[in-house]
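Let me begin by presenting the structure, written as structure tokens, before commenting on it.
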Amino acid sequence: MTRDITYFPPREYRDARAWALASDQLFQTTPIVPSDTAGSFRLRAEMMKLGRVRLAHLESGPYLNERFPVEGQQVDPMFILDLQRVGRSRIEQHGQITEIGPGDFSITDASRPYRREYLEARNQVLVIQFPQQMLTLPPRALAHILGTSFSGSAGLAAIMSRFLDGIADNLAALQEPLGLTMIDSVIDVVSTLVTGRTSVGGEAGDSAWQLLEIRDYIMEHLGDPDLTPERIARANYISLRQLHALFAKSGSTVAAWIRDRRLEMCRRELSDPRAANRTVREISDRWGFSNQTYFAKVFRATYGYSPTAARRREP
């Protein structure tokens with residue numbers, strides 16, 4: 001199995017246009033338009049292509065980075081997770097303007113316009129771009145947090161911040177066989193943090209926790225092809241109507257969430273070198289897909305290639 005992993009050692013850029021070209025080639029989303037606000041552009045980049053995931057550890061002086069949609073350009077839905085390690089930056093997207101400092105991180109939509117200005121003489125940031133399908137949440141659930149920040153000073157976000165810090169210091173280590181598995185874990189934590197932010201306190205907060213508990217139940221029984229909304233509702237002591245209402249508030253449906261998680265778990269296992277001796281059918285059966293024709297169809301519709309091709313093309 002060939003693996004789509006490329007590591008780009010640290011490189012200095014003294015020209016904003018040269019950096020824009022290198023960045024566009026790696027991230028392949030809405031092109032960036034950098035502006036040298038200080039008159040002496042300087043940027044150091046260490047980058048990695050890890051299948052569909054892109055990572056960059058950047059150090060720069062002050063400059064403005066903007067993305068604009070290109071008319072007629074079709075780009076895959078991508079999100080960007082940014083950790084500000086040193087310095088400060090100002091992010092604007094979806095009408096939100098947020099200034100973030102050391103230890104803070106943010107989420108932006110890479111396929112939509114956004115603006116980020118690096119404000120200090122020395123700025124350091126870790127950038128992780130990942131496909132929408134890797135999230136356990138529908139895009140609508142992220143709409144209100146795009147362009148906002150998570151403080152890395154306390155709570156679960158502080159744990160995430162330190163974890164991302166370690167990735168930035170050891171980017172080349174992600175070339176190892178379990179590198180993508182680690183990134184999968186990062187995206188799972190992002191989903192958890194976003195879910196926790198959707199509601200705090202009161203009845204809405206109770207609903208958010210209830211949804212998390214139900215999702216945990218689903219994940220525990222994901223491989224059971226007989227996992228139905230009726231069974232889930234009964235096991236969690238709520239009515240079927242309440243179950244559907246909880247998922248509707250999150251912008252999804254019970255059936256869609258189960259299907260998407262099964263697909264993602266299949267994708268992860270297909271890419272895992274430890275599962276190389278398992279057939280596609282064994283893996284899909286393990287995650288609850290009893291109909292192989294249906295599995296192949298929805299897998300291709302979701303990821304753009306077949307389950308068999310996943311082993312050749314994606315880590």
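Ligands are numbered from 1 in the order shown, residues from 1 within each chain, and chains are lettered A, B, ... in the order they appear in the structure tokens.
When the distance limit is 10 Å and only C-alpha atoms are what count, the residues near range 51-53 of chain A, minus those fewer than 5 positions from it on the same chain, are Arg3, Asp4, Ile5, Thr6, Leu26, Phe27, Met78, Ile80, Ile128, Gln129, Phe130, Pro131, Met134, Leu180, Ile183, Asp184, Ser271, Arg313, Glu314 and Pro315 of chain A.
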Using N, CA and C atoms, can you export the residues from the last selection as a PDB file, in the first residue's frame?
```pdb
ATOM      1  N   ARG A   3       1.560   5.253   0.541  1.00  0.00           N
ATOM      2  CA  ARG A   3       0.984   6.154   1.521  1.00  0.00           C
ATOM      3  C   ARG A   3       1.275   7.587   1.118  1.00  0.00           C
ATOM      4  N   ASP A   4       0.228   8.386   1.137  1.00  0.00           N
ATOM      5  CA  ASP A   4       0.302   9.758   0.673  1.00  0.00           C
ATOM      6  C   ASP A   4       0.781  10.655   1.810  1.00  0.00           C
ATOM      7  N   ILE A   5       2.062  10.547   2.124  1.00  0.00           N
ATOM      8  CA  ILE A   5       2.660  11.328   3.204  1.00  0.00           C
ATOM      9  C   ILE A   5       3.889  12.048   2.659  1.00  0.00           C
ATOM     10  N   THR A   6       3.912  13.358   2.825  1.00  0.00           N
ATOM     11  CA  THR A   6       5.075  14.138   2.391  1.00  0.00           C
ATOM     12  C   THR A   6       5.434  15.132   3.482  1.00  0.00           C
ATOM     13  N   LEU A  26       0.084  23.434  -1.197  1.00  0.00           N
ATOM     14  CA  LEU A  26      -0.098  22.476  -0.110  1.00  0.00           C
ATOM     15  C   LEU A  26      -1.561  22.362   0.297  1.00  0.00           C
ATOM     16  N   PHE A  27      -2.198  23.495   0.552  1.00  0.00           N
ATOM     17  CA  PHE A  27      -3.543  23.462   1.127  1.00  0.00           C
ATOM     18  C   PHE A  27      -4.642  23.276   0.087  1.00  0.00           C
ATOM     19  N   MET A  78     -13.410  22.209   3.801  1.00  0.00           N
ATOM     20  CA  MET A  78     -12.286  22.006   4.710  1.00  0.00           C
ATOM     21  C   MET A  78     -12.385  22.983   5.876  1.00  0.00           C
ATOM     22  N   ILE A  80     -10.021  24.678   9.202  1.00  0.00           N
ATOM     23  CA  ILE A  80      -8.653  24.923   9.660  1.00  0.00           C
ATOM     24  C   ILE A  80      -8.662  25.147  11.165  1.00  0.00           C
ATOM     25  N   ILE A 128      -3.653  23.286  11.113  1.00  0.00           N
ATOM     26  CA  ILE A 128      -4.084  21.947  10.703  1.00  0.00           C
ATOM     27  C   ILE A 128      -5.347  22.091   9.868  1.00  0.00           C
ATOM     28  N   GLN A 129      -5.252  21.719   8.609  1.00  0.00           N
ATOM     29  CA  GLN A 129      -6.427  21.746   7.726  1.00  0.00           C
ATOM     30  C   GLN A 129      -6.925  20.312   7.540  1.00  0.00           C
ATOM     31  N   PHE A 130      -8.227  20.114   7.720  1.00  0.00           N
ATOM     32  CA  PHE A 130      -8.779  18.761   7.637  1.00  0.00           C
ATOM     33  C   PHE A 130     -10.144  18.786   6.957  1.00  0.00           C
ATOM     34  N   PRO A 131     -10.538  17.675   6.324  1.00  0.00           N
ATOM     35  CA  PRO A 131     -11.825  17.629   5.628  1.00  0.00           C
ATOM     36  C   PRO A 131     -13.002  17.648   6.591  1.00  0.00           C
ATOM     37  N   MET A 134     -14.253  14.512   8.551  1.00  0.00           N
ATOM     38  CA  MET A 134     -13.582  13.960   9.726  1.00  0.00           C
ATOM     39  C   MET A 134     -14.251  14.380  11.027  1.00  0.00           C
ATOM     40  N   LEU A 180      -1.596   9.638  11.383  1.00  0.00           N
ATOM     41  CA  LEU A 180      -2.960  10.066  11.082  1.00  0.00           C
ATOM     42  C   LEU A 180      -3.920   9.676  12.198  1.00  0.00           C
ATOM     43  N   ILE A 183      -3.919  12.460  14.555  1.00  0.00           N
ATOM     44  CA  ILE A 183      -4.690  13.597  14.063  1.00  0.00           C
ATOM     45  C   ILE A 183      -6.185  13.315  14.166  1.00  0.00           C
ATOM     46  N   ASP A 184      -6.597  12.071  13.905  1.00  0.00           N
ATOM     47  CA  ASP A 184      -8.000  11.703  14.094  1.00  0.00           C
ATOM     48  C   ASP A 184      -8.440  12.008  15.524  1.00  0.00           C
ATOM     49  N   SER A 271      -7.251   2.761   6.531  1.00  0.00           N
ATOM     50  CA  SER A 271      -5.969   3.465   6.425  1.00  0.00           C
ATOM     51  C   SER A 271      -4.959   3.020   7.473  1.00  0.00           C
ATOM     52  N   ARG A 313      -4.639   5.188  -1.701  1.00  0.00           N
ATOM     53  CA  ARG A 313      -4.515   6.630  -1.856  1.00  0.00           C
ATOM     54  C   ARG A 313      -4.389   7.395  -0.560  1.00  0.00           C
ATOM     55  N   GLU A 314      -4.960   6.877   0.506  1.00  0.00           N
ATOM     56  CA  GLU A 314      -5.012   7.663   1.732  1.00  0.00           C
ATOM     57  C   GLU A 314      -4.353   6.938   2.893  1.00  0.00           C
ATOM     58  N   PRO A 315      -3.624   7.653   3.701  1.00  0.00           N
ATOM     59  CA  PRO A 315      -3.085   7.050   4.904  1.00  0.00           C
ATOM     60  C   PRO A 315      -4.154   6.961   5.973  1.00  0.00           C
TER      61      PRO A 315
END
```
Next item on the list: Apply DSSP to the backbone of this structure and, from range 70-177 of chain A, keep only the residues in strand (DSSP E or B); write these as a ChimeraX atom specification.
Entry: /A:78-86,89-93,96-100,105-109,114-118,123-131,149-150
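Reported to one decimal place, the separation of CA of Trp287 in chain A from CA of Leu270 in chain A is 11.6 Å.
Across the model, the gap from CA of Gly196 in chain A to CA of Arg88 in chain A is 25.3 Å.
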Next item on the list: Mind listing the helix (DSSP H, G or I) residues of range 16-251 of chain A, per DSSP on the backbone, as a PyMOL selection string?
Entry: chain A and resi 16-27+132-134+139-142+155-169+171-175+179-198+202-220+229-235+240-249
Those residues with C-alpha atoms, as a tab-separated table (two decimals), in the first residue's frame please?
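result22.tsv, freshly written:
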```
chain	number	residue	atom	x	y	z
A	16	ALA	CA	5.04	37.05	0.15
A	17	ARG	CA	4.13	35.85	-3.34
A	18	ALA	CA	6.48	32.86	-3.10
A	19	TRP	CA	4.89	31.90	0.21
A	20	ALA	CA	1.38	32.29	-1.26
A	21	LEU	CA	2.29	29.91	-4.08
A	22	ALA	CA	3.77	27.30	-1.71
A	23	SER	CA	0.78	27.56	0.62
A	24	ASP	CA	-1.76	27.23	-2.19
A	25	GLN	CA	0.02	24.13	-3.52
A	26	LEU	CA	-0.10	22.48	-0.11
A	27	PHE	CA	-3.54	23.46	1.13
A	132	GLN	CA	-15.30	18.31	6.92
A	133	GLN	CA	-16.06	14.57	6.90
A	134	MET	CA	-13.58	13.96	9.73
A	139	PRO	CA	-21.22	21.93	9.36
A	140	ARG	CA	-24.19	23.87	10.75
A	141	ALA	CA	-23.06	23.07	14.27
A	142	LEU	CA	-19.82	24.99	13.68
A	155	GLY	CA	-10.27	23.65	31.17
A	156	LEU	CA	-10.41	21.09	28.38
A	157	ALA	CA	-9.23	23.68	25.86
A	158	ALA	CA	-5.98	24.00	27.85
A	159	ILE	CA	-5.39	20.25	27.50
A	160	MET	CA	-6.00	20.53	23.76
A	161	SER	CA	-3.65	23.52	23.51
A	162	ARG	CA	-0.78	21.63	25.13
A	163	PHE	CA	-1.40	18.61	22.92
A	164	LEU	CA	-1.25	20.80	19.81
A	165	ASP	CA	1.92	22.39	21.18
A	166	GLY	CA	3.54	18.96	21.25
A	167	ILE	CA	2.51	18.29	17.66
A	168	ALA	CA	4.08	21.58	16.56
A	169	ASP	CA	7.38	20.65	18.22
A	171	LEU	CA	5.78	17.64	13.25
A	172	ALA	CA	8.13	15.26	11.45
A	173	ALA	CA	7.13	12.44	13.83
A	174	LEU	CA	3.70	12.32	12.19
A	175	GLN	CA	5.34	10.48	9.29
A	179	GLY	CA	0.49	9.75	12.62
A	180	LEU	CA	-2.96	10.07	11.08
A	181	THR	CA	-4.49	8.17	14.00
A	182	MET	CA	-3.17	10.90	16.29
A	183	ILE	CA	-4.69	13.60	14.06
A	184	ASP	CA	-8.00	11.70	14.09
A	185	SER	CA	-7.89	11.98	17.89
A	186	VAL	CA	-7.30	15.73	17.63
A	187	ILE	CA	-10.37	16.15	15.41
A	188	ASP	CA	-12.47	14.08	17.83
A	189	VAL	CA	-11.48	16.43	20.66
A	190	VAL	CA	-12.40	19.42	18.48
A	191	SER	CA	-15.87	17.94	18.00
A	192	THR	CA	-16.22	17.48	21.76
A	193	LEU	CA	-15.15	21.06	22.51
A	194	VAL	CA	-17.55	22.47	19.92
A	195	THR	CA	-20.42	20.40	21.31
A	196	GLY	CA	-19.63	21.62	24.81
A	197	ARG	CA	-19.69	25.24	23.65
A	198	THR	CA	-23.08	25.00	21.94
A	202	GLY	CA	-29.91	25.40	32.16
A	203	GLU	CA	-32.17	23.30	30.01
A	204	ALA	CA	-30.04	23.81	26.89
A	205	GLY	CA	-26.95	22.64	28.75
A	206	ASP	CA	-28.76	19.54	29.96
A	207	SER	CA	-29.75	18.77	26.37
A	208	ALA	CA	-26.14	19.09	25.22
A	209	TRP	CA	-24.95	16.62	27.85
A	210	GLN	CA	-27.79	14.26	27.02
A	211	LEU	CA	-26.79	14.35	23.37
A	212	LEU	CA	-23.19	13.53	24.31
A	213	GLU	CA	-24.33	10.55	26.38
A	214	ILE	CA	-26.49	9.28	23.52
A	215	ARG	CA	-23.60	9.63	21.08
A	216	ASP	CA	-21.42	7.65	23.48
A	217	TYR	CA	-24.05	4.91	23.51
A	218	ILE	CA	-24.15	4.89	19.71
A	219	MET	CA	-20.36	4.63	19.47
A	220	GLU	CA	-20.36	1.69	21.90
A	229	PRO	CA	-33.38	4.99	16.66
A	230	GLU	CA	-36.03	3.05	18.57
A	231	ARG	CA	-33.40	0.99	20.37
A	232	ILE	CA	-31.28	4.07	21.12
A	233	ALA	CA	-34.26	5.96	22.57
A	234	ARG	CA	-35.29	2.99	24.72
A	235	ALA	CA	-31.76	2.48	26.07
A	240	LEU	CA	-38.29	8.53	19.91
A	241	ARG	CA	-39.61	12.05	19.34
A	242	GLN	CA	-37.21	13.48	21.95
A	243	LEU	CA	-34.30	11.62	20.35
A	244	HIS	CA	-35.00	13.06	16.90
A	245	ALA	CA	-35.44	16.53	18.41
A	246	LEU	CA	-32.03	16.38	20.12
A	247	PHE	CA	-30.27	15.54	16.87
A	248	ALA	CA	-32.29	18.10	14.91
A	249	LYS	CA	-31.01	20.83	17.26
```
Please tabulate, as a Markdown table, the residues of range 132-229 of chain A that come within 12 Å of range 115-120 of chain A, each with its closest pair of atoms and the distance in Å to one decimal, counting only C-alpha atoms and ordering rows by chain, then residue number upward.
```
| residue | atom | partner | partner_atom | distance |
| --- | --- | --- | --- | --- |
| A:Leu146 | CA | A:Arg115 | CA | 12.0 |
| A:Gly147 | CA | A:Arg115 | CA | 9.3 |
| A:Thr148 | CA | A:Arg116 | CA | 12.0 |
```
I need the residues from that last selection saved to file as a PDB file, in the first residue's frame (with C-alpha atoms), if you can.
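To be explicit, this is the file written out as result19.pdb:
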```pdb
ATOM      1  CA  LEU A 146     -16.125  30.028  13.083  1.00  0.00           C
ATOM      2  CA  GLY A 147     -13.736  32.898  13.625  1.00  0.00           C
ATOM      3  CA  THR A 148     -14.017  32.713  17.427  1.00  0.00           C
TER       4      THR A 148
END
```
